[in-house]
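Colleague: Structure incoming, see below.
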Amino acid sequence: MKKIIASTLFGLSVSLAYSQQINYEVLSNEPPESPRFSLNTDLFQLDVPVLRIDSYSANVGIWGYYEPVKNEIGVDYLFRKSLFAFGGLGIENFPGNLETELGGYYQFRDFTKIKQTKISLKTEYKGTTYSRNVSGDHVYTRNETETYIMVPSKKRKYMMFRGGAYFKRLGMTSDFIDDPAFVGPNVVAYSSAGIYAGINFRTITSMFIDAEGFGVCFNSIGKDAYFDLLILPVNTFQDSETRESATESIKTVQGALPIGFRLGYKLFQADKRAKTGKIFGVCGTAEVSYKPYLGISIGAGVGLTLVK
């Protein structure tokens with residue numbers, strides 16, 4: 001399993017060419033309000049419980065929000081389903097990943113701030129370097145040079161309290177149980193449910209310039225940065241073969257506090273097509289968390305914003 005993971009390693013080397021001597025004209029510096037409805041996809045999202053290699057999962061999903069009361073009350077949603085779990089590469093009928101969230105938020109502050117903003121002017125591909133790492137696995141590095149400029153721009157900022165319901169189900173082996181007296185299934189479907197509560201900081205940037213020698217360039221993006229406390233009192237285990245409960249036998253020898261946390265970051269499109277010239281646009285997610293029975297997990301995904 002480790003060899004399979006290591007052989008997919010990829011590096012990106014970016015050299016930055018930066019100059020403030022480039023003349024430019026500001027075409028637009030008016031960030032829009034946060035979209036009332038945002039629908040985003042995870043075309044590929046990787047979920048990695050660091051100490052549970054078999055539970056690594058490649059997923060697809062949707063996420064976003066809707067504001068029934070504009071600029072005040074919103075509804076968050078998320079749904080992810082695994083394309084495949086890494087444990088399934090060597091274990092037949094290994095349970096896949098399923099994750100759902102439904103919650104809401106209350107926006108308590110909305111203000112605009114002027115801040116230096118990076119606008120990319122040009123990215124040039126400089127070739128790829130192929131090599132082997134210390135384990136003997138193939139790795140490669142894609143080399144790029146980016147030319148960009150820093151300009152002062154308005155950023156629309158929101159602060160929100162948030163909370164909601166959380167559910168996650170995934171497969172895992174019982175290797176994490178270090179009690180030699182344990183007699184139980186080797187593979188289980190682990191389910192965890194509860195609530196989350198925290199705070200979210202949203203930023204909308206919309207800066208368009210006409211740069212001398214480069215034409216129209218822009219930085220248009222929505223960003224969410226959030227921190228949540230996870231309260232997960234429901235933690236159950238099911239034998240993946242017999243479908244019988246293994247919760248009591250596992251909790252007898254392995255306990256865990258039903259509390260966790262997560263720190264996350266999301267990118268989504270905010271400007272309309274009339275301004276950017278694009279029907280859709282790239283979106284992304286990144287998250288670090290701690291959850292009972294899973295420990296530390298990291299996740300990242302990329303997709304498209306379908307509605308903005």
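Residues in the structure tokens are named by chain (A, B, ... in the order shown) and by number from 1 within that chain; ligands are numbered from 1 in the order shown.
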Write out as a PyMOL selection string the residues lying within 7 Å of range 216-225 of chain A, counting only C-alpha atoms and excluding same-chain residues fewer than 2 positions away.
Modeller: chain A and resi 119+121+200-211+214+264-271
Colleague: I need the residues in range 72-252 of chain A that are helix (DSSP H, G or I) according to DSSP; give them as a ChimeraX atom specification.
Modeller: /A:86-89,174-176,247-252
Colleague: For those residues, write C-alpha atoms to a file as a PDB file, in the first residue's frame.
Modeller:
```
ATOM      1  CA  PHE A  86      -7.449   2.511  -0.727  1.00  0.00           C
ATOM      2  CA  GLY A  87      -8.304  -0.486   1.452  1.00  0.00           C
ATOM      3  CA  GLY A  88     -10.353  -1.821  -1.435  1.00  0.00           C
ATOM      4  CA  LEU A  89      -7.146  -2.374  -3.420  1.00  0.00           C
ATOM      5  CA  SER A 174      -9.038  -3.116  13.373  1.00  0.00           C
ATOM      6  CA  ASP A 175      -5.238  -2.690  13.403  1.00  0.00           C
ATOM      7  CA  PHE A 176      -5.657   0.445  15.520  1.00  0.00           C
ATOM      8  CA  THR A 247     -19.487  -1.448  18.598  1.00  0.00           C
ATOM      9  CA  GLU A 248     -19.523  -2.956  22.075  1.00  0.00           C
ATOM     10  CA  SER A 249     -16.546  -5.257  21.527  1.00  0.00           C
ATOM     11  CA  ILE A 250     -14.412  -2.411  20.126  1.00  0.00           C
ATOM     12  CA  LYS A 251     -15.417   0.253  22.650  1.00  0.00           C
ATOM     13  CA  THR A 252     -14.693  -2.189  25.490  1.00  0.00           C
TER      14      THR A 252
END
```
Colleague: Looking only at the backbone, which of the residues in range 54-166 of chain A does DSSP tag as strand (DSSP E or B), as number ranges by chain?
Modeller: A: 57-69, 73-85, 98-132, 138-166
Colleague: To one decimal place, how far is CA of Tyr158 in chain A from CA of Tyr66 in chain A in Å?
Modeller: 15.1 Å
Colleague: Pull the closest atom pair for each residue of range 89-125 of chain A that gets at most 12 Å from range 233-242 of chain A, along with the distance in Å to one decimal, counting only C-alpha atoms, ordering rows by chain and then ascending residue number, as a Markdown table.
Modeller:
```
| residue | atom | partner | partner_atom | distance |
| --- | --- | --- | --- | --- |
| A:Ile91 | CA | A:Ser240 | CA | 10.7 |
| A:Glu92 | CA | A:Glu241 | CA | 9.7 |
| A:Asn93 | CA | A:Ser240 | CA | 7.5 |
| A:Phe94 | CA | A:Ser240 | CA | 7.2 |
| A:Pro95 | CA | A:Ser240 | CA | 7.0 |
| A:Gly96 | CA | A:Ser240 | CA | 10.7 |
```
Colleague: Keeping only N, CA, C and O atoms, take the residues you just selected and write them out as an mmCIF file, in the first residue's frame.
Modeller:
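Written out: part-v3.cif:
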```cif
data_model
loop_
_atom_site.group_PDB
_atom_site.id
_atom_site.type_symbol
_atom_site.label_atom_id
_atom_site.label_comp_id
_atom_site.auth_asym_id
_atom_site.auth_seq_id
_atom_site.Cartn_x
_atom_site.Cartn_y
_atom_site.Cartn_z
ATOM 1 N N ILE A 91 -8.516 -5.520 -0.153
ATOM 2 C CA ILE A 91 -9.537 -6.174 0.674
ATOM 3 C C ILE A 91 -10.872 -6.125 -0.066
ATOM 4 O O ILE A 91 -11.367 -5.043 -0.406
ATOM 5 N N GLU A 92 -11.447 -7.270 -0.319
ATOM 6 C CA GLU A 92 -12.714 -7.336 -1.037
ATOM 7 C C GLU A 92 -13.846 -6.774 -0.193
ATOM 8 O O GLU A 92 -13.917 -6.979 1.014
ATOM 9 N N ASN A 93 -14.753 -6.024 -0.846
ATOM 10 C CA ASN A 93 -15.928 -5.436 -0.189
ATOM 11 C C ASN A 93 -15.547 -4.469 0.928
ATOM 12 O O ASN A 93 -16.258 -4.358 1.928
ATOM 13 N N PHE A 94 -14.434 -3.784 0.768
ATOM 14 C CA PHE A 94 -14.027 -2.792 1.778
ATOM 15 C C PHE A 94 -14.998 -1.610 1.723
ATOM 16 O O PHE A 94 -15.254 -1.061 0.647
ATOM 17 N N PRO A 95 -15.574 -1.186 2.867
ATOM 18 C CA PRO A 95 -16.561 -0.091 2.863
ATOM 19 C C PRO A 95 -15.968 1.218 2.348
ATOM 20 O O PRO A 95 -14.835 1.573 2.673
ATOM 21 N N GLY A 96 -16.726 1.932 1.550
ATOM 22 C CA GLY A 96 -16.285 3.213 1.017
ATOM 23 C C GLY A 96 -16.627 4.362 1.947
ATOM 24 O O GLY A 96 -17.241 4.184 3.012
#
```
Colleague: Measuring between only C-alpha atoms, which one of A:Ile22, A:Ser289, A:Pro68, A:Ser191 shows the shortest distance to Met150 in chain A?
Modeller: A:Ile22
Colleague: What gap, in Å, lies between CA of Tyr190 in chain A and CA of Gly260 in chain A?
Modeller: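 These two atoms are separated by 15.9 Å.
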Colleague: Pick the closest to Leu232 in chain A from A:Arg109, A:Lys168, A:His138, A:Arg52: which is it, counting only C-alpha atoms?
Modeller: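 When distances to Leu232 in chain A are compared using only C-alpha atoms, the smallest one comes from A:Lys168.
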Colleague: Work out how far CA of Val307 in chain A is from CA of Leu39 in chain A, in Å to one decimal.
Modeller: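 Atom-to-atom, CA of Leu39 in chain A and CA of Val307 in chain A are spaced 4.9 Å apart.
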Colleague: Of the candidates A:Leu78, A:Ile149, A:Leu98, A:Met159, which one gets nearest to Ser34 in chain A if we count only C-alpha atoms?
Modeller: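 Answer, going by the shortest atom-to-atom distance: A:Met159.
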Colleague: Give me, as number ranges by chain, all polymer residues having an atom no more than 8 Å from Val282 in chain A, counting only C-alpha atoms and skipping those fewer than 2 positions away in the same chain.
Modeller: A: 268-269, 280, 284, 302-305
Colleague: Between A:Thr128, A:Gln21, A:Thr145, A:Ser120, which is the closest to Gly215 in chain A once you count only C-alpha atoms?
Modeller: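 The closest residue to Gly215 in chain A is A:Ser120.
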Colleague: Between A:Arg273, A:Ala181, A:Leu170, A:Lys291, single out the one closest to Leu306 in chain A, counting only C-alpha atoms.
Modeller: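 Distance minimum relative to Leu306 in chain A lands on A:Arg273.
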Colleague: Show me, as an mmCIF file with N, CA and C atoms, in the first residue's frame, the residues that have an atom within 9 Å of Phe167 in chain A when counting only C-alpha atoms, minus same-chain residues fewer than 2 positions from it.
Modeller:
```cif
data_model
loop_
_atom_site.group_PDB
_atom_site.id
_atom_site.type_symbol
_atom_site.label_atom_id
_atom_site.label_comp_id
_atom_site.auth_asym_id
_atom_site.auth_seq_id
_atom_site.Cartn_x
_atom_site.Cartn_y
_atom_site.Cartn_z
ATOM 1 N N LEU A 98 -18.532 7.879 2.940
ATOM 2 C CA LEU A 98 -19.743 8.679 2.740
ATOM 3 C C LEU A 98 -19.736 9.782 3.782
ATOM 4 N N GLU A 99 -19.903 11.016 3.347
ATOM 5 C CA GLU A 99 -19.850 12.156 4.267
ATOM 6 C C GLU A 99 -20.930 13.154 3.907
ATOM 7 N N THR A 100 -21.714 13.586 4.908
ATOM 8 C CA THR A 100 -22.766 14.568 4.675
ATOM 9 C C THR A 100 -22.763 15.610 5.785
ATOM 10 N N GLU A 101 -23.144 16.828 5.403
ATOM 11 C CA GLU A 101 -23.305 17.916 6.369
ATOM 12 C C GLU A 101 -24.486 18.776 5.943
ATOM 13 N N ALA A 165 -25.411 19.720 11.461
ATOM 14 C CA ALA A 165 -25.335 18.275 11.696
ATOM 15 C C ALA A 165 -24.262 17.668 10.805
ATOM 16 N N ARG A 169 -19.166 8.062 7.305
ATOM 17 C CA ARG A 169 -19.040 6.610 7.358
ATOM 18 C C ARG A 169 -17.889 6.208 6.440
ATOM 19 N N SER A 191 -18.989 4.484 11.655
ATOM 20 C CA SER A 191 -19.891 5.610 11.450
ATOM 21 C C SER A 191 -19.787 6.578 12.617
ATOM 22 N N SER A 192 -19.770 7.855 12.306
ATOM 23 C CA SER A 192 -19.679 8.893 13.330
ATOM 24 C C SER A 192 -20.690 9.985 13.014
ATOM 25 N N ALA A 193 -21.428 10.435 14.026
ATOM 26 C CA ALA A 193 -22.462 11.450 13.807
ATOM 27 C C ALA A 193 -22.516 12.403 14.988
ATOM 28 N N GLY A 194 -22.912 13.635 14.707
ATOM 29 C CA GLY A 194 -23.027 14.629 15.761
ATOM 30 C C GLY A 194 -23.254 16.007 15.180
ATOM 31 N N ILE A 195 -22.698 17.006 15.820
ATOM 32 C CA ILE A 195 -22.880 18.392 15.406
ATOM 33 C C ILE A 195 -21.542 19.108 15.321
ATOM 34 N N LEU A 232 -19.209 14.671 18.602
ATOM 35 C CA LEU A 232 -19.629 13.462 17.891
ATOM 36 C C LEU A 232 -19.914 12.334 18.885
#
```
Colleague: Do you know which residues are at most 8 Å from Ala85 in chain A counting only C-alpha atoms, after dropping those on the same chain fewer than 6 positions away, and could you put them as number ranges by chain?
Modeller: A: 54-58, 94-97, 171
